[in-house]
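K.L.:
Have a look at this one.
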Amino acid sequence: MLTNHRELLVRFQSLIALTLMVLALSLLSDTFLTPENGWNILRQISVNLCLSLGMTLIILAGGIDLSVGAILALSGAVAAGLLKNGVAVTPLEVQLQFTVFGAIVAGLLTGAAAGCFNGWVITQFRLPPFVATLGMFSIARGLTMLWTGGFPITGLGSDFGFLGTGVFLGIPMPVWISGALVGALVVLTRRTRFGRYIYAVGGNERAALLTGLPVNRIKLGVYTLGGLLAGAAGLIVTARLDSAQPNAGLGYELDSIAAVVIGGTSLSGGRGSVVGTVLGCLIIGVLNNGLFLLNVSPFWQQVVKGFVILAAVAIDKMSSRET
Amino acid sequence: MTGTGDVVLEARGISKSFPGVRALDGVSLTLRSGRLTALLGENGAGKSTLMNVVAGVFPPDAGELLLAGQPVHFTSPRQARDHGIAMIFQELNLVPGLTVAENIFLGREPLRRCGLIDYAALNRRAAAWLQRLDLDIPPTAPTGRLRVGQQQVVEVAKALAGEARILIMDEPTSALSERETEVLFQRITDLKLRGVAIAYITHKLDELARIADDAAVMRDGRMIGSAPWKELSRPDIVRMMVGRDLGEPPGGTAISSPNQSDEVLRVEQLALPHPSRPGDFLVAHVSFRVRRGEVLGIFGLMGAGRTELLECLFGLHGRACTGNIFVGGRRAVLRSSADAIALGLAMAPEDRKRDGLVLSMSVAENTSLASLSRAERFGLIRPRAEREHVQGYLQRFRVKTPSLRQRVRNLSGGNQQKVILAKWLATAPRLLLLDEPTRGIDLRAKQEIYALIDQLTRDGLAVIVVSSELPEILTVSDRILVLCEGRATEEFLRAEATEEKIMHAALPRKPVSIC
């Protein structure tokens with residue numbers, strides 16, 4: 001909600017930064033401002049966007065999730081394994097085969113279940129989210145190795161691959177998926193009670209509890225959604241490569257936290273927006289893409305990204321110092 | 001060495017602006033050694049800002065500070081402290097994770113020769129201060145576990161332990177019981193004898209007669225006037241503060257007589273065991289009832305179990321709390337605040353910012369938080385319905401806010417409290433629990449809140465007001481229940497109650513041993 005000019009500035013800080021970057025890059029590179037490159041960027045950020053949307057809800061509710069990259073790998077591997085090999089139900093001596101649809105549902109459920117477990121541990125045993133999701137990080141990585149035996153699962157077929165490489169009405173499928181999720185989450189955060197309660201819990205958990213809000217259910221829901229969205233990201237990654245890599249998504253949790261923070265969401269919870277996160281993802285995407293087009297070493301890209309994160313948070317701190 | 005009455009600190013023409021507000025406009029103030037200057041004025045008059053300038057929290061935009069005749073420029077509270085200026089802040093400034101002793105000596109810990117903190121000396125010296133202030137807690141207690149009132153006493157100890165020449169107190173008694181206030185006043189008298197100059201901000205005029213030597217009244221960022229306390233009458237001061245004559249407070253005889261039937265709440269043998277001392281009770285088998293349209297005042301000193309009693313009623317102690325609670329004649333099981341709210345209970349907590357509001361949210365969002373489903377259709381919130389839903393309550397309570405989208409953080413204490421009341425009234429409750437409803441709120445907002453309570457009971461709401469201020473209890477209550485050390489010692493009708501009778505019932509029978 002806007003109350004004064006400073007907040008307006010904070011609200012549009014990432015938009016201004018993005019505009020400046022786009023202007024600068026279109027002057028510096030002939031290939032930057034082309035429709036192909038535009039779709040390219042949107043496709044490249046779609047995976048991080050899925051993760052970051054879930055992360056936004058979690059951070060808004062005052063939490064953090066370090067396990068989304070690991071959940072991404074597990075969900076992708078489960079979907080790929082079920083699609084390729086099915087699963088043996090030993091006592092019944094049956095080999096279950098999965099359709100593409102079945103495998104997708106199973107992958108999403110895997111992600112949601114892992115996220116739900118995070119929420120359960122955090123609400124029931126009152127573990128700090130940092131620790132609880134660090135545990136899940138290791139659990140999901142280990143399960144992925146067990147499930148795949150440490151080898152990629154490849155050759156998943158073009159039907160499944162459509163999720164990652166397909167084009168519908170001229171727009172790549174990953175962009176459709178992440179775009180639809182953005183729309184859904186904007187409505188969720190702005191127009192539903194659940195969304196409003198997320199802000200309340202993140203803003204002041206004690207007051208939320210004393211107002212009678214179901215704080216534990218809200219947290220459980222937020223982490224479950226985070227896991228579900230990580231599952232969706234896992235499916236996109238797997239479909240795009242036509243292969244489930246056991247090490248997929250390594251370090252992605254940090255990229256998604258970076259996108260959320262650059263988008264102006266406060267790490268202490270209660271303040272921020274989904275739209276901000278979309279801008280945060282775009283800033284990271286445009287930055288990587290632009291530096292690549294300018295032949296800057298990928299190592300420098302990381303250094304620059306680090307400074308962007310610091311600048312975003314510093315500006316946010318300076319402008320929100322009002323009381 | 002300075003003698004009594006010498007000018008210790010002089011502020012000349014201090015101005016200070018914040019974005020959009022001119023908080024101080026050429027204010028001058030003189031503090032004299034061994035004298036207490038009461039700084040009076042409504043909230044927003046600039047008292048706290050002036051004291052913050054003196055204590056080095058904000059540098060002034062214009063004007064100068066003279067300390068014993070020498071101009072000084074403070075850029076941090078630490079510098080001011082090094083010059084012997086200590087301040088007890090209105091908002092508690094204690095580190096909850098540290099012990100009481102660590103907080104008292106924060107920044108000036110006694111060290112051993114090797115440079116490590118001398119904990120034995122630290123705890124010994126802290127214990128001595130706690131004993132002087134009559135606070136019965138160990139110096140090693142974690143500060144975060146203390147009640148607000150106890151923390152306030154620790155804050156006082158912290159300021160006194162600094163050996164200050166100038167002591168600034170910003171509403172130090174707002175969370176203290178009568179007895180703690182008494183102890184504090186004795187210490188203030190000691191300090192004055194030792195030549196300490198004291199600036200004292202308060203809204204409670206009554207307590208000043210005992211301690212004040214001079215008074216300075218501020219309004220709208222200006223110094224309206226200052227004079228020796230004895231030369232000012234109460235009507236003079238009130239007129240200077242508000243710029244007009246205030247009528248008598250509402251309530252008192254005007255309160256409607258409650259209908260005898262219509263019992264909303266009946267409590268039988270409510271008990272809450274002490275979490276660490278077996279056999280001891282925070283709330284010890286208390287029974288009472290509240291009817292429609294009635295205000296039950298609950299008075300007690302610190303440690304009497306006032307807040308715990310309310311917390312039990314609001315389901316915050318879950319199964320630890322035993323006894324029978326009947327709401328609207330039916331036996332109620334209150335295991336969580338959600339249970340209590342479902343039965344039509346509502347609670348405005350003592351610490352508004354910590355427990356009552358989501359400061360990062362807007363006025364409208366805070367107001368609708370407990371009743372959002374009323375603005376919903378097909379699972380989606382309709383912004384317009386939400387606005388209309390909250391607007392009625394905010395207008396009825398005359399909440400002063402530039403817009404519904406204003407962050408609740410930016411409102412004054414009185415308006416914040418009204419937002420909390422509006423939030424609960426929007427849930428159409430039948431019983432309202434108010435814990436220290438006017439703590440830290442200025443005179444005019446206080447009157448408004450009393451008038452609101454009166455209005456709400458006329459509409460049939462039952463209200464329980466817990467307060468440590470006797471005049472408040474006598475103003476708002478139809479009946480008064482007095483607690484002492486967890487037990488209910490007396491119950492009075494408003495007509496029979498006097499300050500003396502209530503205090504008598506609230507004081508422990510045997511003298512409290514100080515060990």
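Each chain in the structure tokens gets a letter, A, B, ..., in the order shown, and its residues are numbered from 1; ligands are numbered from 1 in order too.
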So that each row is one residue of chain A with an atom at most 6 Å from chain B, can you give its shortest atom pair and the distance in Å to one decimal, using only C-alpha atoms, rows by chain and rising number, as a Markdown table?

P.N.:
| residue | atom | partner | partner_atom | distance |
| --- | --- | --- | --- | --- |
| A:Thr3 | CA | B:Gln406 | CA | 5.5 |
| A:Arg191 | CA | B:Ile381 | CA | 4.9 |
| A:Thr192 | CA | B:Leu380 | CA | 4.9 |
| A:Gly203 | CA | B:Val358 | CA | 5.5 |
| A:Asn204 | CA | B:Val358 | CA | 5.2 |
| A:Arg206 | CA | B:Asp355 | CA | 5.5 |
| A:Ala207 | CA | B:Asp355 | CA | 4.4 |
| A:Leu210 | CA | B:Ser337 | CA | 5.9 |
| A:Thr211 | CA | B:Ala370 | CA | 5.9 |
| A:Gly212 | CA | B:Ala338 | CA | 4.3 |

K.L.:
With only C-alpha atoms as the counted atoms, please give the residues lying no more than 10 Å from Phe58 in chain B, apart from itself and same-chain residues fewer than 3 positions off, as a list in words.

P.N.:
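Once the adjacent positions are removed, what remains is Lys16, Thr49, Leu50, Met51, Asn52, Val53, Val54, Ala55, Asp61, Phe74, Thr75, Ser76 and Pro77 of chain B.
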
K.L.:
Give me a file of those residues, with C-alpha atoms, as an mmCIF file, in the first residue's frame.

P.N.:
data_model
loop_
_atom_site.group_PDB
_atom_site.id
_atom_site.type_symbol
_atom_site.label_atom_id
_atom_site.label_comp_id
_atom_site.auth_asym_id
_atom_site.auth_seq_id
_atom_site.Cartn_x
_atom_site.Cartn_y
_atom_site.Cartn_z
ATOM 1 C CA LYS B 16 13.737 20.218 14.980
ATOM 2 C CA THR B 49 11.437 15.117 20.861
ATOM 3 C CA LEU B 50 12.898 17.848 23.075
ATOM 4 C CA MET B 51 14.189 15.277 25.531
ATOM 5 C CA ASN B 52 15.627 13.201 22.702
ATOM 6 C CA VAL B 53 17.539 16.271 21.550
ATOM 7 C CA VAL B 54 18.869 16.834 25.056
ATOM 8 C CA ALA B 55 19.886 13.173 25.334
ATOM 9 C CA ASP B 61 18.251 21.749 13.388
ATOM 10 C CA PHE B 74 25.956 15.739 20.954
ATOM 11 C CA THR B 75 26.030 13.450 17.969
ATOM 12 C CA SER B 76 25.076 10.267 19.842
ATOM 13 C CA PRO B 77 23.348 9.237 23.076
#

K.L.:
Quick check for you: according to DSSP on this backbone, which residues of range 47-271 of chain A are classed as helix (DSSP H, G or I)? Reply as number ranges by chain.

P.N.:
A: 47-60, 68-85, 90-92, 100-124, 129-148, 158-165, 173-191, 193-203, 205-210, 215-241, 252-262

K.L.:
If you run DSSP on the backbone, which residues of range 74-251 of chain A are strand (DSSP E), as a list in words?

P.N.:
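DSSP-assigned strand (DSSP E) residues in range 74-251 of chain A: Val87, Ala88, Val89, Val94, Gln95, Leu96, Ile153, Thr154, Val167, Phe168, Ile171, Pro172, Ser243 and Ala244 of chain A.
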
K.L.:
For those residues, write N, CA and C atoms to a file as an mmCIF file, in the first residue's frame.

P.N.:
data_model
loop_
_atom_site.group_PDB
_atom_site.id
_atom_site.type_symbol
_atom_site.label_atom_id
_atom_site.label_comp_id
_atom_site.auth_asym_id
_atom_site.auth_seq_id
_atom_site.Cartn_x
_atom_site.Cartn_y
_atom_site.Cartn_z
ATOM 1 N N VAL A 87 7.057 -47.836 -11.529
ATOM 2 C CA VAL A 87 7.522 -48.210 -10.203
ATOM 3 C C VAL A 87 7.010 -49.604 -9.881
ATOM 4 N N ALA A 88 7.838 -50.396 -9.243
ATOM 5 C CA ALA A 88 7.465 -51.773 -8.915
ATOM 6 C C ALA A 88 6.833 -51.814 -7.536
ATOM 7 N N VAL A 89 5.601 -52.350 -7.466
ATOM 8 C CA VAL A 89 4.975 -52.549 -6.159
ATOM 9 C C VAL A 89 5.242 -54.004 -5.785
ATOM 10 N N VAL A 94 3.423 -56.074 -9.089
ATOM 11 C CA VAL A 94 2.874 -55.297 -10.197
ATOM 12 C C VAL A 94 3.897 -54.228 -10.574
ATOM 13 N N GLN A 95 4.032 -53.947 -11.825
ATOM 14 C CA GLN A 95 4.855 -52.842 -12.272
ATOM 15 C C GLN A 95 3.910 -51.740 -12.744
ATOM 16 N N LEU A 96 3.866 -50.612 -12.007
ATOM 17 C CA LEU A 96 2.965 -49.518 -12.383
ATOM 18 C C LEU A 96 3.619 -48.653 -13.451
ATOM 19 N N ILE A 153 18.471 -39.454 -15.571
ATOM 20 C CA ILE A 153 17.424 -40.237 -16.228
ATOM 21 C C ILE A 153 17.083 -39.500 -17.524
ATOM 22 N N THR A 154 17.364 -40.126 -18.648
ATOM 23 C CA THR A 154 17.209 -39.415 -19.924
ATOM 24 C C THR A 154 16.226 -40.133 -20.845
ATOM 25 N N VAL A 167 6.243 -24.752 -27.930
ATOM 26 C CA VAL A 167 5.819 -23.369 -28.158
ATOM 27 C C VAL A 167 4.324 -23.387 -28.442
ATOM 28 N N PHE A 168 3.558 -22.586 -27.731
ATOM 29 C CA PHE A 168 2.112 -22.545 -27.924
ATOM 30 C C PHE A 168 1.717 -21.106 -28.247
ATOM 31 N N ILE A 171 4.444 -18.612 -28.041
ATOM 32 C CA ILE A 171 5.092 -18.320 -26.753
ATOM 33 C C ILE A 171 5.601 -19.630 -26.158
ATOM 34 N N PRO A 172 6.851 -19.655 -25.705
ATOM 35 C CA PRO A 172 7.411 -20.889 -25.127
ATOM 36 C C PRO A 172 6.604 -21.363 -23.915
ATOM 37 N N SER A 243 16.011 -34.645 -19.545
ATOM 38 C CA SER A 243 16.856 -35.437 -18.665
ATOM 39 C C SER A 243 16.739 -34.911 -17.234
ATOM 40 N N ALA A 244 16.595 -35.833 -16.276
ATOM 41 C CA ALA A 244 16.603 -35.448 -14.863
ATOM 42 C C ALA A 244 18.002 -35.613 -14.322
#

K.L.:
From the set A:Gly111, A:Gly202, A:Gly149, A:Gly179, which residue has the shortest atom-to-atom contact distance to Ile58 in chain A, counting only C-alpha atoms?

P.N.:
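Comparing A:Gly111, A:Gly202, A:Gly149, A:Gly179 against Ile58 in chain A, the winner is A:Gly202.
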
K.L.:
So that I can check the surroundings of range 214-225 of chain B, please list as a ChimeraX atom specification every protein, DNA and RNA residue that reaches within 8 Å of it, counting only C-alpha atoms and ignoring chain neighbours fewer than 2 positions away.

P.N.:
/B:22-29,35-42,44-47,212,227-230,237,240-242
